[in-house]
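Visitor: Handing you this structure, nothing more for now.
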Amino acid sequence: MSPLIRRVIARNASPFTFKGTGTYIIGERQVAVIDPGPDLADHLAALLAALRGESVTHILITHTHLDHSPAAAALKRATGAKTYGYGRHGSGRAEDRAGIGGVTEEGGDHGFVPDIELREGDAIEGPGWHLTAVETPGHTSNHLCFALDEEKTLFSGDHVMGWSTSVITPPDGDMSAYMRSLDKLLRREDALYWPTHGPAIPEPKPYVRTFIAHRRERRAEILKRIAAGDETIAAIVEHVYVGLDPRLKLAAGRSVLAHLIELVEEGSVASDGPPQSDARYRLRR
Ligand SMILES: [Zn+2]
């Protein structure tokens with residue numbers, strides 16, 4: 001991909017992963033691996049083949065979703081490298097927000113615990129490369145991006161993807177945090193993003209602004225639907241996501257819920273009980 005960046009793509013293509021998880025290798029001879037990916041034997045074999053003759057010094061995790069972190073354990077066994085990440089799944093959540101914590105979340109890798117916990121600005125270095133951790137909660141509460149100083153490149157994980165908007169799934173996904181983390185990227189000067197899924201993003205700022213505008217639009221549409229009498233998430237999804245791939249319906253519902261939680265917390269929408277999938281919503285006057 002560049003003098004310092006290589007990528008191995010896992011064969012886990014799906015409506016959520018696009019062509020599959022992109023595992024990045026940073027540096028030469030003494031290298032870091034970002035997001036080893038899903039626990040698939042052929043992916044690990046391909047990764048180890050790409051790493052032949054080199055030593056892995058760091059295994060970095062952007063966040064604990066099942067298509068990102070599970071192969072860390074096998075890669076650690078094969079290489080002896082330590083794992084680095086924000087913390088275990090859900091570790092970035094401040095508290096059990098609005099009573100929605102009981103909702104089970106699919107897709108989380110609850111088995112991953114990093115050897116070393118990273119926080120904003122922490123440096124991870126090898127010969128000829130310097131990475132910096134950038135806290136970007138929202139997609140998950142423990143999401144990190146990694147900036148490669150030498151190339152002004154940001155590994156954006158699932159925070160900013162190259163082919164679709166990020167899925168925000170409560171209770172661990174948090175729309176307000178996600179919007180703040182998008183704003184945070186606008187204050188940085190990265191020249192290029194490499195997301196885990198999809199192609200590179202050159203000139204990232206206009207791209208990030210498009211995502212921010214998209215979410216504001218969606219939020220406005222949801223408010224409009226509630227004003228028009230839609231009381232349930234199913235009704236809102238039906239009207240807002242016209243022509244949606246049926247496999248993505250559940251994710252769309254979770255995304256609407258993420259907006260509703262924010263709207264309830266702000267006080268513009270009321271719900272009968274905690275804002276959950278099966279609650280009823282109305283405008284607060
Ligand atoms: Zn993810």
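FYI, nothing fancy with the structure tokens labels: chains A, B, ... in order, residues from 1 per chain, ligands from 1 as they appear.
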Pick out the residues sitting within 8 Å of segment 262-267 of chain A, and hand them over as a tab-separated table (two decimals) with N, CA, C and O atoms, in the first residue's frame; count only C-alpha atoms, and ignore anything fewer than 5 positions along from it in its own chain.
Guide:
chain	number	residue	atom	x	y	z
A	175	MET	N	-24.18	7.31	19.78
A	175	MET	CA	-24.25	8.30	18.70
A	175	MET	C	-23.57	9.63	19.07
A	175	MET	O	-22.85	10.20	18.25
A	176	SER	N	-23.80	10.12	20.30
A	176	SER	CA	-23.18	11.41	20.67
A	176	SER	C	-21.67	11.29	20.66
A	176	SER	O	-20.96	12.18	20.18
A	275	PRO	N	-35.33	3.94	26.62
A	275	PRO	CA	-35.31	3.90	25.15
A	275	PRO	C	-34.70	2.59	24.66
A	275	PRO	O	-33.49	2.45	24.61
A	284	ARG	N	-41.52	15.41	22.55
A	284	ARG	CA	-41.78	16.04	23.85
A	284	ARG	C	-42.12	17.50	23.57
A	284	ARG	O	-41.44	18.14	22.79
Visitor: Report as a ChimeraX atom specification: the residues of segment 31-155 of chain A with a DSSP assignment of strand (DSSP E), based on the backbone of this structure.
Guide: /A:31-34,55-60,82-85,116-117,123-126,129-135,144-148,153-155
Visitor: Can you write just those residues out, N, CA, C and O atoms, as a compact mmCIF listing (two decimals), in the first residue's frame?
Guide:
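Contents of the output file result28.txt:
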# COMPACT_ATOMS: atom_id res chain seq x y z
N VAL A 31 7.78 -5.48 12.97
CA VAL A 31 6.54 -4.88 12.48
C VAL A 31 5.43 -4.91 13.54
O VAL A 31 5.47 -5.70 14.49
N ALA A 32 4.46 -4.04 13.32
CA ALA A 32 3.22 -4.07 14.10
C ALA A 32 2.11 -4.58 13.19
O ALA A 32 2.14 -4.34 11.98
N VAL A 33 1.15 -5.28 13.78
CA VAL A 33 -0.03 -5.74 13.04
C VAL A 33 -1.24 -5.03 13.63
O VAL A 33 -1.43 -5.04 14.86
N ILE A 34 -2.04 -4.40 12.78
CA ILE A 34 -3.27 -3.75 13.25
C ILE A 34 -4.46 -4.61 12.86
O ILE A 34 -4.64 -4.93 11.69
N SER A 55 9.76 -10.20 12.54
CA SER A 55 9.24 -10.42 13.88
C SER A 55 8.16 -9.39 14.18
O SER A 55 8.29 -8.20 13.88
N VAL A 56 7.05 -9.89 14.74
CA VAL A 56 5.94 -9.01 15.11
C VAL A 56 6.19 -8.52 16.53
O VAL A 56 6.36 -9.33 17.45
N THR A 57 6.27 -7.20 16.69
CA THR A 57 6.56 -6.66 18.02
C THR A 57 5.29 -6.17 18.73
O THR A 57 5.26 -6.10 19.95
N HIS A 58 4.26 -5.82 17.96
CA HIS A 58 3.02 -5.28 18.56
C HIS A 58 1.81 -5.81 17.79
O HIS A 58 1.83 -5.81 16.56
N ILE A 59 0.78 -6.18 18.52
CA ILE A 59 -0.51 -6.50 17.91
C ILE A 59 -1.50 -5.45 18.40
O ILE A 59 -1.82 -5.40 19.60
N LEU A 60 -1.96 -4.60 17.48
CA LEU A 60 -2.82 -3.48 17.86
C LEU A 60 -4.27 -3.77 17.47
O LEU A 60 -4.53 -4.32 16.39
N LYS A 82 3.01 -8.81 22.18
CA LYS A 82 1.98 -8.38 23.12
C LYS A 82 0.83 -7.72 22.37
O LYS A 82 1.01 -7.18 21.28
N THR A 83 -0.35 -7.75 22.99
CA THR A 83 -1.52 -7.12 22.37
C THR A 83 -1.78 -5.77 23.03
O THR A 83 -1.57 -5.59 24.24
N TYR A 84 -2.24 -4.82 22.21
CA TYR A 84 -2.48 -3.44 22.65
C TYR A 84 -3.88 -3.02 22.22
O TYR A 84 -4.27 -3.22 21.08
N GLY A 85 -4.60 -2.40 23.14
CA GLY A 85 -5.92 -1.89 22.78
C GLY A 85 -6.43 -1.03 23.93
O GLY A 85 -5.78 -0.91 24.97
N ILE A 116 -1.59 -4.62 27.05
CA ILE A 116 -1.26 -3.22 27.36
C ILE A 116 -2.45 -2.35 26.97
O ILE A 116 -2.92 -2.40 25.83
N GLU A 117 -2.93 -1.54 27.91
CA GLU A 117 -4.05 -0.63 27.61
C GLU A 117 -3.50 0.67 27.06
O GLU A 117 -2.55 1.25 27.60
N ALA A 123 2.21 6.30 22.43
CA ALA A 123 3.04 6.00 21.26
C ALA A 123 3.37 4.52 21.21
O ALA A 123 3.60 3.86 22.22
N ILE A 124 3.38 3.96 19.99
CA ILE A 124 3.78 2.58 19.73
C ILE A 124 4.81 2.69 18.61
O ILE A 124 4.49 3.19 17.53
N GLU A 125 6.03 2.21 18.87
CA GLU A 125 7.11 2.49 17.92
C GLU A 125 7.93 1.26 17.55
O GLU A 125 8.07 0.33 18.35
N GLY A 126 8.48 1.29 16.35
CA GLY A 126 9.43 0.30 15.89
C GLY A 126 10.46 1.01 15.02
O GLY A 126 10.36 2.23 14.84
N TRP A 129 9.14 3.47 12.15
CA TRP A 129 7.71 3.79 12.20
C TRP A 129 7.29 4.20 13.61
O TRP A 129 7.80 3.70 14.60
N HIS A 130 6.37 5.14 13.65
CA HIS A 130 5.82 5.65 14.92
C HIS A 130 4.31 5.73 14.79
O HIS A 130 3.81 6.43 13.90
N LEU A 131 3.62 5.04 15.65
CA LEU A 131 2.15 5.11 15.66
C LEU A 131 1.69 5.81 16.93
O LEU A 131 2.34 5.69 17.98
N THR A 132 0.57 6.54 16.83
CA THR A 132 0.00 7.21 17.99
C THR A 132 -1.47 6.81 18.12
O THR A 132 -2.20 6.80 17.12
N ALA A 133 -1.88 6.48 19.34
CA ALA A 133 -3.28 6.10 19.58
C ALA A 133 -4.17 7.34 19.62
O ALA A 133 -3.82 8.35 20.23
N VAL A 134 -5.32 7.26 18.94
CA VAL A 134 -6.29 8.36 18.92
C VAL A 134 -7.63 7.79 19.39
O VAL A 134 -8.23 6.95 18.71
N GLU A 135 -8.09 8.23 20.55
CA GLU A 135 -9.36 7.71 21.09
C GLU A 135 -10.52 8.21 20.25
O GLU A 135 -10.69 9.41 20.05
N LEU A 144 -10.25 2.79 18.97
CA LEU A 144 -9.05 3.62 18.77
C LEU A 144 -8.74 3.70 17.28
O LEU A 144 -8.95 2.73 16.55
N CYS A 145 -8.26 4.85 16.83
CA CYS A 145 -7.61 4.93 15.53
C CYS A 145 -6.11 5.00 15.82
O CYS A 145 -5.69 5.30 16.94
N PHE A 146 -5.29 4.69 14.79
CA PHE A 146 -3.84 4.77 14.96
C PHE A 146 -3.26 5.65 13.86
O PHE A 146 -3.53 5.42 12.68
N ALA A 147 -2.48 6.66 14.26
CA ALA A 147 -1.86 7.57 13.29
C ALA A 147 -0.43 7.13 13.04
O ALA A 147 0.33 6.92 13.99
N LEU A 148 -0.09 6.97 11.77
CA LEU A 148 1.29 6.65 11.38
C LEU A 148 1.97 7.96 11.01
O LEU A 148 1.70 8.55 9.97
N THR A 153 -0.77 9.25 7.93
CA THR A 153 -1.87 8.34 7.61
C THR A 153 -2.56 7.91 8.90
O THR A 153 -1.90 7.67 9.90
N LEU A 154 -3.89 7.84 8.85
CA LEU A 154 -4.65 7.38 10.01
C LEU A 154 -5.31 6.05 9.68
O LEU A 154 -6.01 5.93 8.67
N PHE A 155 -5.07 5.04 10.53
CA PHE A 155 -5.80 3.78 10.42
C PHE A 155 -7.11 3.99 11.17
O PHE A 155 -7.13 4.08 12.40
Visitor: Report, in Å to a single decimal, how far apart atom CA of Tyr207 of chain A and atom CA of Glu189 of chain A are.
Guide: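 Here the two named atoms are 13.5 Å from each other.
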Visitor: Which parts of segment 41-84 of chain A does DSSP call helix (DSSP H, G or I) when run on the backbone here, written out as an NGL selection string?
Guide: :A and (41-50 or 72-79)
Visitor: Produce a file of the selected residues containing N, CA, C and O atoms, as a JSON list (two decimals), in the first residue's frame.
Guide:
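Okay, this is what ended up in result-v2.json:
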[["chain", "number", "residue", "atom", "x", "y", "z"],
["A", 41, "ALA", "N", -8.79, -19.91, 10.05],
["A", 41, "ALA", "CA", -7.49, -20.55, 9.86],
["A", 41, "ALA", "C", -6.79, -20.05, 8.60],
["A", 41, "ALA", "O", -5.58, -19.79, 8.61],
["A", 42, "ASP", "N", -7.53, -19.88, 7.50],
["A", 42, "ASP", "CA", -6.86, -19.50, 6.26],
["A", 42, "ASP", "C", -6.36, -18.05, 6.32],
["A", 42, "ASP", "O", -5.36, -17.71, 5.71],
["A", 43, "HIS", "N", -7.07, -17.21, 7.08],
["A", 43, "HIS", "CA", -6.62, -15.82, 7.22],
["A", 43, "HIS", "C", -5.32, -15.76, 8.02],
["A", 43, "HIS", "O", -4.38, -15.08, 7.65],
["A", 44, "LEU", "N", -5.28, -16.51, 9.12],
["A", 44, "LEU", "CA", -4.07, -16.53, 9.94],
["A", 44, "LEU", "C", -2.88, -17.08, 9.14],
["A", 44, "LEU", "O", -1.77, -16.54, 9.20],
["A", 45, "ALA", "N", -3.15, -18.12, 8.34],
["A", 45, "ALA", "CA", -2.08, -18.71, 7.51],
["A", 45, "ALA", "C", -1.56, -17.67, 6.51],
["A", 45, "ALA", "O", -0.35, -17.53, 6.32],
["A", 46, "ALA", "N", -2.47, -16.93, 5.89],
["A", 46, "ALA", "CA", -2.08, -15.91, 4.91],
["A", 46, "ALA", "C", -1.28, -14.80, 5.59],
["A", 46, "ALA", "O", -0.28, -14.30, 5.06],
["A", 47, "LEU", "N", -1.71, -14.45, 6.80],
["A", 47, "LEU", "CA", -1.03, -13.39, 7.54],
["A", 47, "LEU", "C", 0.39, -13.83, 7.92],
["A", 47, "LEU", "O", 1.36, -13.10, 7.73],
["A", 48, "LEU", "N", 0.51, -15.06, 8.43],
["A", 48, "LEU", "CA", 1.82, -15.57, 8.84],
["A", 48, "LEU", "C", 2.75, -15.72, 7.63],
["A", 48, "LEU", "O", 3.95, -15.47, 7.72],
["A", 49, "ALA", "N", 2.16, -16.08, 6.48],
["A", 49, "ALA", "CA", 2.97, -16.18, 5.26],
["A", 49, "ALA", "C", 3.52, -14.80, 4.88],
["A", 49, "ALA", "O", 4.68, -14.66, 4.49],
["A", 50, "ALA", "N", 2.67, -13.78, 5.01],
["A", 50, "ALA", "CA", 3.11, -12.41, 4.68],
["A", 50, "ALA", "C", 4.18, -11.93, 5.65],
["A", 50, "ALA", "O", 4.98, -11.04, 5.33],
["A", 72, "ALA", "N", -6.22, -12.20, 17.34],
["A", 72, "ALA", "CA", -5.09, -11.71, 18.15],
["A", 72, "ALA", "C", -4.50, -12.83, 19.00],
["A", 72, "ALA", "O", -3.28, -12.93, 19.14],
["A", 73, "ALA", "N", -5.34, -13.70, 19.54],
["A", 73, "ALA", "CA", -4.86, -14.76, 20.43],
["A", 73, "ALA", "C", -3.92, -15.71, 19.67],
["A", 73, "ALA", "O", -2.82, -16.02, 20.15],
["A", 74, "ALA", "N", -4.36, -16.16, 18.48],
["A", 74, "ALA", "CA", -3.55, -17.10, 17.70],
["A", 74, "ALA", "C", -2.27, -16.41, 17.21],
["A", 74, "ALA", "O", -1.19, -17.02, 17.20],
["A", 75, "LEU", "N", -2.36, -15.15, 16.81],
["A", 75, "LEU", "CA", -1.18, -14.43, 16.33],
["A", 75, "LEU", "C", -0.17, -14.24, 17.46],
["A", 75, "LEU", "O", 1.04, -14.34, 17.28],
["A", 76, "LYS", "N", -0.71, -13.99, 18.66],
["A", 76, "LYS", "CA", 0.15, -13.84, 19.83],
["A", 76, "LYS", "C", 0.88, -15.16, 20.12],
["A", 76, "LYS", "O", 2.08, -15.18, 20.39],
["A", 77, "ARG", "N", 0.13, -16.27, 20.05],
["A", 77, "ARG", "CA", 0.75, -17.58, 20.27],
["A", 77, "ARG", "C", 1.85, -17.84, 19.25],
["A", 77, "ARG", "O", 2.92, -18.36, 19.57],
["A", 78, "ALA", "N", 1.60, -17.45, 17.99],
["A", 78, "ALA", "CA", 2.55, -17.74, 16.91],
["A", 78, "ALA", "C", 3.77, -16.83, 16.95],
["A", 78, "ALA", "O", 4.84, -17.21, 16.48],
["A", 79, "THR", "N", 3.63, -15.63, 17.51],
["A", 79, "THR", "CA", 4.72, -14.64, 17.40],
["A", 79, "THR", "C", 5.29, -14.20, 18.75],
["A", 79, "THR", "O", 6.38, -13.64, 18.80]]
Visitor: Using only C-alpha atoms and all ligand atoms, what does the table of chain A residues within 10 Å of ligand 1 look like, with each row giving the shortest atom pair and its distance in Å to one decimal, sorted by chain and ascending number, as CSV?
Guide:
residue,atom,partner,partner_atom_place_in_ligand_line,distance
A:Phe16,CA,ligand 1,1 (Zn),8.7
A:Thr17,CA,ligand 1,1 (Zn),8.7
A:Thr21,CA,ligand 1,1 (Zn),9.9
A:Thr62,CA,ligand 1,1 (Zn),8.6
A:His63,CA,ligand 1,1 (Zn),6.7
A:Thr64,CA,ligand 1,1 (Zn),7.2
A:His65,CA,ligand 1,1 (Zn),5.0
A:Leu66,CA,ligand 1,1 (Zn),7.7
A:Asp67,CA,ligand 1,1 (Zn),7.1
A:His68,CA,ligand 1,1 (Zn),7.1
A:Ser69,CA,ligand 1,1 (Zn),9.8
A:Gly107,CA,ligand 1,1 (Zn),8.0
A:Gly108,CA,ligand 1,1 (Zn),8.4
A:His139,CA,ligand 1,1 (Zn),6.5
A:Thr140,CA,ligand 1,1 (Zn),7.1
A:His143,CA,ligand 1,1 (Zn),8.5
A:Gly157,CA,ligand 1,1 (Zn),7.5
A:Asp158,CA,ligand 1,1 (Zn),5.1
A:His159,CA,ligand 1,1 (Zn),7.9
A:Met161,CA,ligand 1,1 (Zn),9.9
A:Ser166,CA,ligand 1,1 (Zn),7.9
A:Val167,CA,ligand 1,1 (Zn),7.5
A:Ile168,CA,ligand 1,1 (Zn),8.9
A:Thr169,CA,ligand 1,1 (Zn),9.6
A:Gly173,CA,ligand 1,1 (Zn),9.7
A:Thr196,CA,ligand 1,1 (Zn),8.9
A:His197,CA,ligand 1,1 (Zn),9.6
Visitor: Of the candidates A:Ile233, A:Val242, A:Ala213, A:Leu118, which one gets nearest to His259 of chain A if we count only C-alpha atoms?
Guide: A:Ile233
Visitor: Between atom CA of Tyr178 of chain A and atom CA of Arg247 of chain A, what is the spacing in Å?
Guide: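 Separating atom CA of Arg247 of chain A from atom CA of Tyr178 of chain A is a distance of 23.5 Å.
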Visitor: With distances taken over only C-alpha atoms, which residue among A:Pro127, A:Gly20, A:Gly121, A:Gly111 lies nearest Pro199 of chain A?
Guide: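 Ranked by minimum distance to Pro199 of chain A, first place goes to A:Gly20.
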